[in-house]
file start_11.cif (mmCIF, C-alpha atoms (C1' of nucleotides))
data_work
loop_
_atom_site.label_atom_id
_atom_site.label_comp_id
_atom_site.auth_asym_id
_atom_site.auth_seq_id
_atom_site.Cartn_x
_atom_site.Cartn_y
_atom_site.Cartn_z
CA MET A 1 0.00 0.00 0.00
CA SER A 2 1.23 3.48 -0.78
CA SER A 3 1.63 5.97 2.02
CA THR A 4 0.10 8.92 0.19
CA GLN A 5 -2.66 8.37 -2.35
CA LEU A 6 -2.36 10.02 -5.70
CA SER A 7 -4.94 12.31 -7.23
CA ARG A 8 -6.40 11.12 -10.52
CA LYS A 9 -4.27 13.67 -12.34
CA GLU A 10 -1.12 12.36 -10.68
CA GLN A 11 -2.12 8.81 -11.56
CA ILE A 12 -2.48 9.82 -15.19
CA ASP A 13 0.93 11.49 -15.18
CA GLN A 14 2.51 8.43 -13.64
CA VAL A 15 1.01 5.89 -16.02
CA ALA A 16 1.68 8.17 -18.98
CA THR A 17 5.30 8.52 -17.91
CA SER A 18 5.78 4.80 -17.90
CA LEU A 19 4.18 4.47 -21.35
CA PHE A 20 6.12 7.40 -22.78
CA LYS A 21 9.30 5.79 -21.60
CA SER A 22 8.65 2.32 -22.93
CA ARG A 23 6.97 3.20 -26.24
CA GLY A 24 7.98 6.80 -26.77
CA PHE A 25 5.76 9.89 -26.65
CA ALA A 26 4.70 9.84 -30.29
CA ALA A 27 3.90 6.14 -30.27
CA THR A 28 1.74 6.33 -27.15
CA THR A 29 -1.92 7.09 -27.83
CA MET A 30 -4.42 8.62 -25.49
CA ARG A 31 -6.50 5.48 -25.95
CA ASP A 32 -3.56 3.33 -24.80
CA LEU A 33 -3.22 5.50 -21.75
CA ALA A 34 -6.93 5.40 -20.98
CA LEU A 35 -6.98 1.62 -21.35
CA GLU A 36 -4.16 1.30 -18.84
CA LEU A 37 -6.22 3.33 -16.36
CA GLY A 38 -9.45 1.48 -17.05
CA ILE A 39 -11.32 4.51 -18.38
CA GLU A 40 -12.28 5.97 -21.77
CA ALA A 41 -9.98 8.27 -23.72
CA GLY A 42 -12.34 11.22 -23.53
CA SER A 43 -12.45 11.00 -19.76
CA LEU A 44 -8.78 11.93 -19.52
CA TYR A 45 -9.68 15.46 -20.50
CA SER A 46 -11.53 16.04 -17.24
CA HIS A 47 -8.10 16.09 -15.64
CA ILE A 48 -5.50 17.19 -18.15
CA LYS A 49 -5.29 19.87 -20.79
CA SER A 50 -3.59 17.94 -23.55
CA LYS A 51 -1.15 15.16 -24.26
CA GLU A 52 1.79 17.52 -24.36
CA ASP A 53 0.60 18.99 -21.09
CA ILE A 54 1.62 15.72 -19.42
CA LEU A 55 5.01 15.71 -21.10
CA GLN A 56 5.70 19.25 -19.95
CA ARG A 57 4.88 18.45 -16.36
CA VAL A 58 7.15 15.39 -16.32
CA CYS A 59 10.07 17.12 -18.01
CA PHE A 60 10.08 20.25 -15.89
CA LYS A 61 9.48 18.41 -12.65
CA MET A 62 12.56 16.31 -13.33
CA ALA A 63 14.56 19.37 -14.32
CA ASP A 64 13.63 20.95 -10.99
CA GLU A 65 14.76 17.87 -9.10
CA PHE A 66 18.12 17.81 -10.84
CA ASN A 67 18.64 21.47 -10.08
CA ALA A 68 17.58 21.11 -6.45
CA ALA A 69 19.93 18.17 -5.91
CA PHE A 70 22.80 20.00 -7.55
CA ASP A 71 22.25 23.22 -5.59
CA GLU A 72 23.20 21.42 -2.41
CA VAL A 73 26.58 20.56 -3.90
CA LYS A 74 27.34 23.70 -5.86
CA ASN A 75 28.83 25.90 -3.19
CA LYS A 76 30.56 23.38 -0.97
CA ASP A 77 34.15 24.32 -0.22
CA VAL A 78 35.91 21.08 -1.18
CA PRO A 79 38.47 20.06 -3.84
CA ALA A 80 37.14 19.64 -7.37
CA GLY A 81 37.50 15.88 -7.30
CA GLU A 82 35.39 15.63 -4.20
CA LYS A 83 32.86 18.07 -5.53
CA LEU A 84 32.55 16.04 -8.71
CA ARG A 85 31.91 12.95 -6.61
CA LEU A 86 29.11 14.72 -4.79
CA ALA A 87 27.60 16.00 -8.03
CA VAL A 88 27.67 12.53 -9.55
CA ALA A 89 26.02 11.11 -6.45
CA ALA A 90 23.31 13.77 -6.56
CA HIS A 91 22.67 13.15 -10.23
CA VAL A 92 22.51 9.39 -9.77
CA ARG A 93 20.14 9.74 -6.85
CA VAL A 94 17.65 11.71 -8.94
CA LEU A 95 18.01 9.34 -11.89
CA THR A 96 17.35 6.25 -9.83
CA LYS A 97 14.54 7.62 -7.70
CA ASN A 98 12.19 7.54 -10.67
CA PRO A 99 13.67 5.78 -13.68
CA PRO A 100 10.63 6.11 -15.96
CA ALA A 101 10.46 9.86 -15.41
CA ALA A 102 14.21 10.05 -15.93
CA GLY A 103 13.82 8.23 -19.22
CA VAL A 104 11.17 10.64 -20.42
CA PHE A 105 13.21 13.61 -19.28
CA LEU A 106 16.24 12.35 -21.19
CA ASN A 107 14.68 10.99 -24.37
CA GLU A 108 11.29 12.55 -24.98
CA TRP A 109 11.89 16.23 -24.30
CA ARG A 110 12.31 16.89 -27.99
CA HIS A 111 8.58 16.45 -28.46
CA LEU A 112 7.98 19.60 -26.45
CA SER A 113 6.82 22.50 -28.58
CA GLU A 114 7.80 26.13 -28.22
CA PRO A 115 8.18 27.96 -25.95
CA SER A 116 8.68 25.01 -23.59
CA LEU A 117 11.39 23.59 -25.80
CA THR A 118 13.58 26.67 -25.58
CA LYS A 119 13.06 26.92 -21.85
CA PHE A 120 14.10 23.29 -21.53
CA HIS A 121 17.22 23.82 -23.61
CA ASP A 122 18.23 26.76 -21.45
CA MET A 123 17.82 24.86 -18.20
CA ARG A 124 19.83 21.99 -19.55
CA TYR A 125 22.61 24.25 -20.74
CA SER A 126 22.94 25.94 -17.39
CA TYR A 127 23.08 22.58 -15.61
CA GLU A 128 25.86 21.39 -17.88
CA GLU A 129 27.69 24.67 -17.49
CA SER A 130 27.72 24.22 -13.72
CA LEU A 131 29.33 20.83 -14.16
CA ARG A 132 31.89 22.26 -16.55
CA ALA A 133 32.76 24.86 -13.91
CA ILE A 134 33.71 22.10 -11.49
CA VAL A 135 35.92 20.39 -14.04
CA ARG A 136 37.54 23.72 -14.92
CA GLU A 137 38.30 24.21 -11.24
CA GLY A 138 40.02 20.84 -11.10
CA ILE A 139 42.07 21.59 -14.19
CA ALA A 140 43.14 24.98 -12.84
CA SER A 141 44.29 23.49 -9.55
CA GLY A 142 46.19 20.74 -11.32
CA GLU A 143 44.05 18.03 -9.78
CA PHE A 144 42.74 16.93 -13.18
CA LYS A 145 45.30 16.21 -15.87
CA VAL A 146 42.88 16.63 -18.76
CA ASN A 147 42.51 19.81 -20.80
CA ASP A 148 39.05 19.82 -22.39
CA GLU A 149 36.28 20.31 -19.88
CA LYS A 150 33.53 20.25 -22.50
CA PHE A 151 34.45 16.81 -23.66
CA VAL A 152 34.77 15.53 -20.11
CA VAL A 153 31.34 16.72 -19.07
CA LEU A 154 29.79 15.33 -22.23
CA THR A 155 31.33 11.94 -21.48
CA LEU A 156 30.37 12.10 -17.84
CA LEU A 157 26.73 12.88 -18.57
CA SER A 158 26.64 10.28 -21.30
CA SER A 159 27.58 7.51 -18.94
CA LEU A 160 25.27 8.74 -16.21
CA ASN A 161 22.30 9.25 -18.46
CA TRP A 162 22.25 5.71 -19.76
CA LEU A 163 21.67 4.49 -16.23
CA HIS A 164 17.90 4.61 -16.36
CA MET A 165 17.99 2.03 -19.17
CA TRP A 166 19.21 -0.80 -17.01
CA TYR A 167 18.87 0.30 -13.38
CA LYS A 168 16.49 -1.84 -11.37
CA PRO A 169 15.67 -0.83 -7.76
CA GLU A 170 15.87 -4.49 -6.74
CA GLY A 171 19.37 -4.91 -8.20
CA LYS A 172 22.35 -5.63 -6.00
CA MET A 173 23.87 -2.14 -6.12
CA SER A 174 22.37 0.82 -4.31
CA PRO A 175 22.28 4.24 -5.98
CA ASP A 176 25.12 5.40 -3.75
CA GLU A 177 27.24 2.39 -4.63
CA ILE A 178 26.59 3.02 -8.29
CA ALA A 179 27.62 6.64 -7.86
CA GLU A 180 30.81 5.61 -6.11
CA PHE A 181 31.67 3.14 -8.85
CA LEU A 182 31.10 5.71 -11.58
CA SER A 183 33.08 8.38 -9.74
CA ASN A 184 36.02 6.04 -9.28
CA LEU A 185 35.95 5.00 -12.89
CA LEU A 186 35.87 8.57 -14.11
CA LEU A 187 38.48 9.92 -11.71
CA ASN A 188 40.94 7.03 -11.57
CA GLY A 189 40.21 4.93 -14.64
CA LEU A 190 40.22 1.19 -15.18
CA LYS A 191 43.91 0.83 -14.47
CA ASN A 192 44.00 2.67 -11.16
CA PHE A 193 40.46 1.99 -10.00
CA MET B 1 29.81 16.30 -56.30
CA SER B 2 29.56 12.73 -55.03
CA SER B 3 31.84 10.08 -56.45
CA THR B 4 29.18 7.36 -56.73
CA GLN B 5 25.61 8.32 -57.47
CA LEU B 6 22.89 6.84 -55.31
CA SER B 7 19.95 4.87 -56.62
CA ARG B 8 16.56 6.35 -55.82
CA LYS B 9 16.07 3.72 -53.14
CA GLU B 10 19.36 4.64 -51.50
CA GLN B 11 18.40 8.31 -51.64
CA ILE B 12 15.17 7.53 -49.87
CA ASP B 13 16.99 5.57 -47.18
CA GLN B 14 19.43 8.38 -46.66
CA VAL B 15 16.88 11.17 -46.37
CA ALA B 16 14.66 9.00 -44.19
CA THR B 17 17.59 8.27 -41.90
CA SER B 18 18.22 11.92 -41.35
CA LEU B 19 14.54 12.57 -40.61
CA PHE B 20 14.23 9.54 -38.33
CA LYS B 21 17.17 10.79 -36.37
CA SER B 22 16.05 14.37 -35.97
CA ARG B 23 12.31 13.82 -35.43
CA GLY B 24 12.11 10.18 -34.46
CA PHE B 25 10.67 7.30 -36.47
CA ALA B 26 7.11 7.64 -35.21
CA ALA B 27 7.00 11.39 -35.70
CA THR B 28 8.24 11.23 -39.28
CA THR B 29 5.51 10.85 -41.88
CA MET B 30 5.82 9.44 -45.34
CA ARG B 31 4.53 12.79 -46.61
CA ASP B 32 7.38 14.59 -44.82
CA LEU B 33 9.83 12.24 -46.43
CA ALA B 34 8.31 12.64 -49.88
CA LEU B 35 8.33 16.42 -49.54
CA GLU B 36 12.02 16.36 -48.72
CA LEU B 37 12.64 14.40 -51.93
CA GLY B 38 10.37 16.56 -54.04
CA ILE B 39 7.94 13.78 -54.94
CA GLU B 40 4.50 12.59 -53.80
CA ALA B 41 4.05 10.22 -50.88
CA GLY B 42 2.55 7.46 -52.99
CA SER B 43 5.58 7.51 -55.30
CA LEU B 44 7.79 6.25 -52.51
CA TYR B 45 6.16 2.86 -52.82
CA SER B 46 7.64 2.33 -56.28
CA HIS B 47 10.93 1.86 -54.42
CA ILE B 48 10.30 0.65 -50.90
CA LYS B 49 8.03 -1.91 -49.31
CA SER B 50 6.98 0.00 -46.22
CA LYS B 51 8.07 2.59 -43.70
CA GLU B 52 9.49 -0.03 -41.37
CA ASP B 53 11.31 -1.55 -44.33
CA ILE B 54 13.57 1.52 -44.33
CA LEU B 55 14.17 1.30 -40.60
CA GLN B 56 15.17 -2.34 -40.88
CA ARG B 57 17.67 -1.66 -43.61
CA VAL B 58 19.30 1.18 -41.67
CA CYS B 59 19.47 -0.73 -38.38
CA PHE B 60 20.91 -3.95 -39.74
CA LYS B 61 23.35 -2.22 -42.06
CA MET B 62 24.79 -0.37 -39.07
CA ALA B 63 24.88 -3.55 -37.01
CA ASP B 64 26.88 -5.20 -39.77
CA GLU B 65 29.34 -2.33 -39.83
CA PHE B 66 29.91 -2.50 -36.10
CA ASN B 67 30.50 -6.22 -36.29
CA ALA B 68 32.85 -5.93 -39.24
CA ALA B 69 34.92 -3.23 -37.53
CA PHE B 70 35.09 -5.23 -34.33
CA ASP B 71 36.07 -8.48 -36.06
CA GLU B 72 39.36 -6.93 -37.08
CA VAL B 73 40.20 -6.31 -33.43
CA LYS B 74 38.77 -9.40 -31.80
CA ASN B 75 41.61 -11.84 -32.24
CA LYS B 76 44.64 -9.58 -32.04
CA ASP B 77 47.22 -10.86 -29.61
CA VAL B 78 47.76 -7.74 -27.50
CA PRO B 79 47.20 -6.83 -23.83
CA ALA B 80 43.60 -6.13 -22.80
CA GLY B 81 44.21 -2.41 -22.38
CA GLU B 82 45.50 -2.13 -25.90
CA LYS B 83 42.74 -4.28 -27.28
CA LEU B 84 40.18 -2.09 -25.58
CA ARG B 85 41.76 0.95 -27.19
CA LEU B 86 41.45 -0.66 -30.59
CA ALA B 87 37.84 -1.65 -29.97
CA VAL B 88 36.97 1.86 -28.88
CA ALA B 89 38.63 3.28 -31.96
CA ALA B 90 36.74 0.88 -34.21
CA HIS B 91 33.46 1.73 -32.55
CA VAL B 92 34.06 5.46 -32.78
CA ARG B 93 35.01 5.18 -36.43
CA VAL B 94 31.71 3.54 -37.30
CA LEU B 95 29.74 6.01 -35.17
CA THR B 96 31.31 9.04 -36.77
CA LYS B 97 31.28 7.83 -40.35
CA ASN B 98 27.53 8.26 -40.53
CA PRO B 99 26.12 10.03 -37.47
CA PRO B 100 22.47 10.08 -38.62
CA ALA B 101 22.47 6.33 -39.25
CA ALA B 102 24.21 5.84 -35.92
CA GLY B 103 21.48 7.84 -34.22
CA VAL B 104 18.76 5.74 -35.79
CA PHE B 105 20.58 2.54 -34.92
CA LEU B 106 20.91 3.62 -31.29
CA ASN B 107 17.57 5.26 -30.63
CA GLU B 108 14.97 4.06 -33.10
CA TRP B 109 15.51 0.30 -33.18
CA ARG B 110 12.70 -0.21 -30.70
CA HIS B 111 10.21 0.58 -33.42
CA LEU B 112 11.22 -2.58 -35.22
CA SER B 113 8.54 -5.26 -35.05
CA GLU B 114 9.06 -8.97 -34.63
CA PRO B 115 10.94 -10.94 -35.74
CA SER B 116 13.44 -8.18 -36.56
CA LEU B 117 13.34 -6.91 -33.02
CA THR B 118 14.50 -10.17 -31.51
CA LYS B 119 17.20 -10.56 -34.12
CA PHE B 120 18.42 -7.06 -33.32
CA HIS B 121 18.49 -7.77 -29.60
CA ASP B 122 20.55 -10.88 -30.17
CA MET B 123 23.12 -9.12 -32.32
CA ARG B 124 23.46 -6.37 -29.78
CA TYR B 125 23.91 -8.82 -26.94
CA SER B 126 26.67 -10.69 -28.70
CA TYR B 127 28.49 -7.45 -29.49
CA GLU B 128 28.37 -6.41 -25.85
CA GLU B 129 29.45 -9.84 -24.76
CA SER B 130 32.57 -9.58 -26.91
CA LEU B 131 33.45 -6.32 -25.21
CA ARG B 132 32.91 -7.88 -21.80
CA ALA B 133 35.30 -10.64 -22.75
CA ILE B 134 38.06 -8.10 -23.28
CA VAL B 135 37.44 -6.49 -19.92
CA ARG B 136 37.35 -9.88 -18.23
CA GLU B 137 40.73 -10.60 -19.81
CA GLY B 138 42.15 -7.40 -18.35
CA ILE B 139 40.78 -8.20 -14.92
CA ALA B 140 42.21 -11.72 -14.98
CA SER B 141 45.67 -10.48 -15.93
CA GLY B 142 45.61 -7.83 -13.23
CA GLU B 143 45.83 -5.02 -15.75
CA PHE B 144 42.41 -3.66 -14.77
CA LYS B 145 41.77 -3.05 -11.08
CA VAL B 146 38.01 -3.10 -11.35
CA ASN B 147 35.85 -6.15 -10.60
CA ASP B 148 32.55 -5.79 -12.46
CA GLU B 149 32.94 -6.16 -16.20
CA LYS B 150 29.23 -5.73 -16.88
CA PHE B 151 29.13 -2.34 -15.31
CA VAL B 152 32.31 -1.26 -17.08
CA VAL B 153 31.04 -2.19 -20.52
CA LEU B 154 27.71 -0.53 -19.85
CA THR B 155 29.51 2.67 -18.89
CA LEU B 156 31.86 2.44 -21.82
CA LEU B 157 29.09 2.02 -24.36
CA SER B 158 27.07 4.73 -22.72
CA SER B 159 29.77 7.30 -23.22
CA LEU B 160 30.52 6.15 -26.76
CA ASN B 161 26.93 6.02 -27.84
CA TRP B 162 26.16 9.61 -26.97
CA LEU B 163 28.79 10.70 -29.46
CA HIS B 164 26.46 10.95 -32.42
CA MET B 165 24.48 13.62 -30.60
CA TRP B 166 27.20 16.24 -30.75
CA TYR B 167 29.83 14.99 -33.20
CA LYS B 168 30.28 17.23 -36.22
CA PRO B 169 32.63 16.15 -39.04
CA GLU B 170 33.88 19.72 -39.32
CA GLY B 171 34.75 19.90 -35.60
CA LYS B 172 38.32 20.25 -34.43
CA MET B 173 38.83 16.66 -33.28
CA SER B 174 39.16 13.77 -35.70
CA PRO B 175 37.45 10.44 -34.97
CA ASP B 176 40.80 8.93 -34.01
CA GLU B 177 41.58 11.78 -31.64
CA ILE B 178 38.18 11.37 -30.06
CA ALA B 179 38.81 7.66 -29.66
CA GLU B 180 42.16 8.33 -28.05
CA PHE B 181 40.67 10.84 -25.64
CA LEU B 182 37.90 8.45 -24.62
CA SER B 183 40.31 5.54 -24.21
CA ASN B 184 42.60 7.58 -22.01
CA LEU B 185 39.73 8.80 -19.90
CA LEU B 186 38.37 5.30 -19.41
CA LEU B 187 41.72 3.63 -18.78
CA ASN B 188 43.52 6.28 -16.74
CA GLY B 189 40.82 8.58 -15.43
CA LEU B 190 40.73 12.33 -14.94
CA LYS B 191 43.47 12.34 -12.35
CA ASN B 192 46.03 10.35 -14.31
CA PHE B 193 44.96 11.29 -17.79
"C1'" DA C 1 -30.18 18.11 2.54
"C1'" DA C 2 -28.40 21.07 -0.88
"C1'" DA C 3 -24.66 22.57 -3.58
"C1'" DA C 4 -20.45 22.01 -5.76
"C1'" DT C 5 -16.77 19.33 -7.41
"C1'" DT C 6 -14.78 15.29 -9.21
"C1'" DT C 7 -15.04 11.66 -12.25
"C1'" DG C 8 -16.67 9.27 -16.10
"C1'" DC C 9 -19.47 7.88 -20.28
"C1'" DT C 10 -20.91 7.95 -25.29
"C1'" DA C 11 -20.67 9.81 -29.57
"C1'" DA C 12 -18.66 12.41 -32.71
"C1'" DC C 13 -15.56 15.98 -35.11
"C1'" DG C 14 -11.90 17.04 -38.38
"C1'" DG C 15 -7.80 15.65 -39.79
"C1'" DG C 16 -3.64 12.98 -40.66
"C1'" DC C 17 -1.79 8.50 -41.25
"C1'" DG C 18 0.43 4.44 -44.13
"C1'" DT C 19 -0.64 2.43 -48.07
"C1'" DT C 20 -2.88 0.96 -52.67
"C1'" DC C 21 -4.33 1.46 -57.36
"C1'" DG C 22 -4.48 2.62 -62.14
"C1'" DC C 23 -2.32 5.21 -65.25
"C1'" DA C 24 1.22 8.23 -67.34
"C1'" DT C 25 5.90 9.45 -68.49
"C1'" DT C 26 10.69 8.93 -68.94
"C1'" DA C 27 15.17 6.45 -69.57
"C1'" DG C 28 17.80 2.51 -70.76
"C1'" DT C 29 18.40 -1.62 -73.71
"C1'" DA C 30 18.04 -4.93 -77.67
"C1'" DT D 1 12.31 1.17 -83.31
"C1'" DA D 2 10.04 -1.60 -79.96
"C1'" DC D 3 10.37 -3.48 -75.38
"C1'" DT D 4 11.20 -2.98 -70.57
"C1'" DA D 5 12.18 -1.16 -66.42
"C1'" DA D 6 12.38 2.81 -63.50
"C1'" DT D 7 10.01 6.66 -61.83
"C1'" DG D 8 6.21 9.48 -60.70
"C1'" DC D 9 1.27 11.40 -60.36
"C1'" DG D 10 -3.30 12.02 -58.15
"C1'" DA D 11 -7.03 10.22 -55.99
"C1'" DA D 12 -8.66 7.39 -52.80
"C1'" DC D 13 -9.05 3.59 -49.06
"C1'" DG D 14 -9.81 2.47 -44.27
"C1'" DC D 15 -8.11 3.45 -40.06
"C1'" DC D 16 -6.56 5.76 -36.02
"C1'" DC D 17 -5.46 10.08 -33.86
"C1'" DG D 18 -6.15 14.04 -30.25
"C1'" DT D 19 -9.75 16.42 -28.72
"C1'" DT D 20 -14.59 18.28 -27.78
"C1'" DA D 21 -19.44 18.31 -26.26
"C1'" DG D 22 -23.28 17.26 -23.57
"C1'" DC D 23 -24.87 14.62 -20.07
"C1'" DA D 24 -24.95 11.54 -15.89
"C1'" DA D 25 -23.47 9.65 -11.79
"C1'" DA D 26 -20.79 9.70 -7.60
"C1'" DT D 27 -18.30 12.01 -4.00
"C1'" DT D 28 -17.14 15.82 -1.14
"C1'" DT D 29 -18.12 20.04 0.94
"C1'" DT D 30 -21.17 23.33 3.10
#

call {"tool": "encode", "arguments": {"input": "start_11.cif", "output": "structure tokens"}}
result
Amino acid sequence: MSSTQLSRKEQIDQVATSLFKSRGFAATTMRDLALELGIEAGSLYSHIKSKEDILQRVCFKMADEFNAAFDEVKNKDVPAGEKLRLAVAAHVRVLTKNPPAAGVFLNEWRHLSEPSLTKFHDMRYSYEESLRAIVREGIASGEFKVNDEKFVVLTLLSSLNWLHMWYKPEGKMSPDEIAEFLSNLLLNGLKNF
Amino acid sequence: MSSTQLSRKEQIDQVATSLFKSRGFAATTMRDLALELGIEAGSLYSHIKSKEDILQRVCFKMADEFNAAFDEVKNKDVPAGEKLRLAVAAHVRVLTKNPPAAGVFLNEWRHLSEPSLTKFHDMRYSYEESLRAIVREGIASGEFKVNDEKFVVLTLLSSLNWLHMWYKPEGKMSPDEIAEFLSNLLLNGLKNF
DNA sequence: AAAATTTGCTAACGGGCGTTCGCATTAGTA
DNA sequence: TACTAATGCGAACGCCCGTTAGCAAATTTT
């Protein structure tokens, strides 16, 4: 039994999220969604404004969670390597807390229409820029031996953002253990792990 | 001017690939595709069997290229670290040779229907398994300090497979330089890069 | 008990979809 | 020149899509 019961609207968002993730936004029909909820397609519109309305809510809610988690790390006064560890852990925690929503956030955002799409792009850019700032810090202090922070952040996010594809809550590694593994791999590499 | 001219069918595949990548398979209509080619939608069917027909051709052609590139590396008698470098380079070369096709291969394959879908899954699994074998080798010889080859390969492929999202042929890094950068990052890490 | 809100149904709308069909036109080949 | 293949048109098909409208229960609030 769930501790807090969801409103019908929240139920719709949740079921839609899971369908959007597994079939994709464009390939999910309102009739599919209604069927999953045991109601008729028309009935959905007592609760939501449109199909894209759902997508917007999911995408921006996830964006908020990523930002909130990162804000707690941002201004800590620790070496870059340690800060990167904390950022990775925060990111992984958000990703694993709700894998379907993470999947939609990462793969279906392009079906947003303007002006949501531009807003989404901007939020994403500023998140990535914050990560680049950490890497730049580490390069400046000599802690990181690399010289291209853009490439590093791209690679970092790439490995993190595939997580939702295979992560299972019942698996043997906890989100924090996963974060530690990924941080070690990125910072020390296979040979010095 | 292109050295070899494409048949109409190959033209269709190429334009479709680029649309599938940028808008997604489901969100690309046959009328969009026809418009891009300057013909009517119905005319497409003088050359192709169906919409999914195109997707199948693109996906399996890419799969073949990945396998062919990897086969040249597979049985080389070199240390695991070196073999992994070669495998990464081969993978990156295929990814960057045709980024739109790579994008379709990586993100749109789920729109394949049976039995193609199962066949695709199987090919992908065996490719990943070959990579895991290399990592296992490195662990056994003590060259790699890590202990979970599944996780390593997942992370490796994750970072490689995001490449097509931002790689531009006219960018300042060549495919081989990119491969070298990624190999160094994976093998030595940020701190020992 | 009355009023208001939430939830849902059925039926239908306008439109877009992948695809087919019959027929023309062009280009290559013998 | 005649045959054949490649290429394309335009109209139409049956179907499915997101969404709307009007109405009826049920549930919650006052």

call {"tool": "residues_around", "arguments": {"input": "start_11.cif", "residues": "DA30 in chain C", "least_positions_apart": "2", "cutoff": "12 Å", "atoms": "only C-alpha atoms (C1' of nucleotides)", "output": "PyMOL selection string"}}
result
(chain C and resi 28) or (chain D and resi 1-4)

call {"tool": "resolve_selection", "arguments": {"input": "start_11.cif", "expression": "the PyMOL selection byres ((chain B) within 9 of (chain C))", "output": "CSV table (one decimal) with C-alpha atoms, in the coordinates of the input"}}
result
chain,number,residue,atom,x,y,z
B,29,THR,CA,5.5,10.8,-41.9
B,30,MET,CA,5.8,9.4,-45.3
B,42,GLY,CA,2.6,7.5,-53.0
B,45,TYR,CA,6.2,2.9,-52.8
B,50,SER,CA,7.0,0.0,-46.2
B,51,LYS,CA,8.1,2.6,-43.7

call {"tool": "resolve_selection", "arguments": {"input": "start_11.cif", "expression": "the PyMOL selection byres ((chain D) within 8 of (chain B))", "output": "ChimeraX atom specification"}}
result
/D:7-9

call {"tool": "write_last_selection", "arguments": {"input": "start_11.cif", "atoms": "C-alpha atoms (C1' of nucleotides)", "output": "mmCIF file, keeping the file's coordinate frame"}}
result
data_model
loop_
_atom_site.group_PDB
_atom_site.id
_atom_site.type_symbol
_atom_site.label_atom_id
_atom_site.label_comp_id
_atom_site.auth_asym_id
_atom_site.auth_seq_id
_atom_site.Cartn_x
_atom_site.Cartn_y
_atom_site.Cartn_z
ATOM 1 C "C1'" DT D 7 10.010 6.660 -61.830
ATOM 2 C "C1'" DG D 8 6.210 9.480 -60.700
ATOM 3 C "C1'" DC D 9 1.270 11.400 -60.360
#

call {"tool": "atom_distance", "arguments": {"input": "start_11.cif", "atom1": "CA of Tyr167 in chain A", "atom2": "CA of Thr17 in chain A"}}
result
16.5 Å

call {"tool": "closest_residue", "arguments": {"input": "start_11.cif", "among": "B:Tyr127, B:Phe120, B:Phe193, B:Phe70", "to": "chain A", "atoms": "all atoms listed in the file"}}
result
B:Phe193

call {"tool": "resolve_selection", "arguments": {"input": "start_11.cif", "expression": "the PyMOL selection byres ((chain B) within 6 of (chain A))", "output": "list in words"}}
result
Ala26, Phe144, Lys145, Val146, Thr155, Ser158, Ser159, Trp162, Leu186, Leu187, Asn188, Gly189, Leu190, Lys191 and Phe193 of chain B

call {"tool": "atom_distance", "arguments": {"input": "start_11.cif", "atom1": "CA of Val92 in chain A", "atom2": "CA of Ile134 in chain A"}}
result
17.0 Å

call {"tool": "atom_distance", "arguments": {"input": "start_11.cif", "atom1": "CA of Glu129 in chain A", "atom2": "CA of Lys97 in chain B"}}
result
28.6 Å
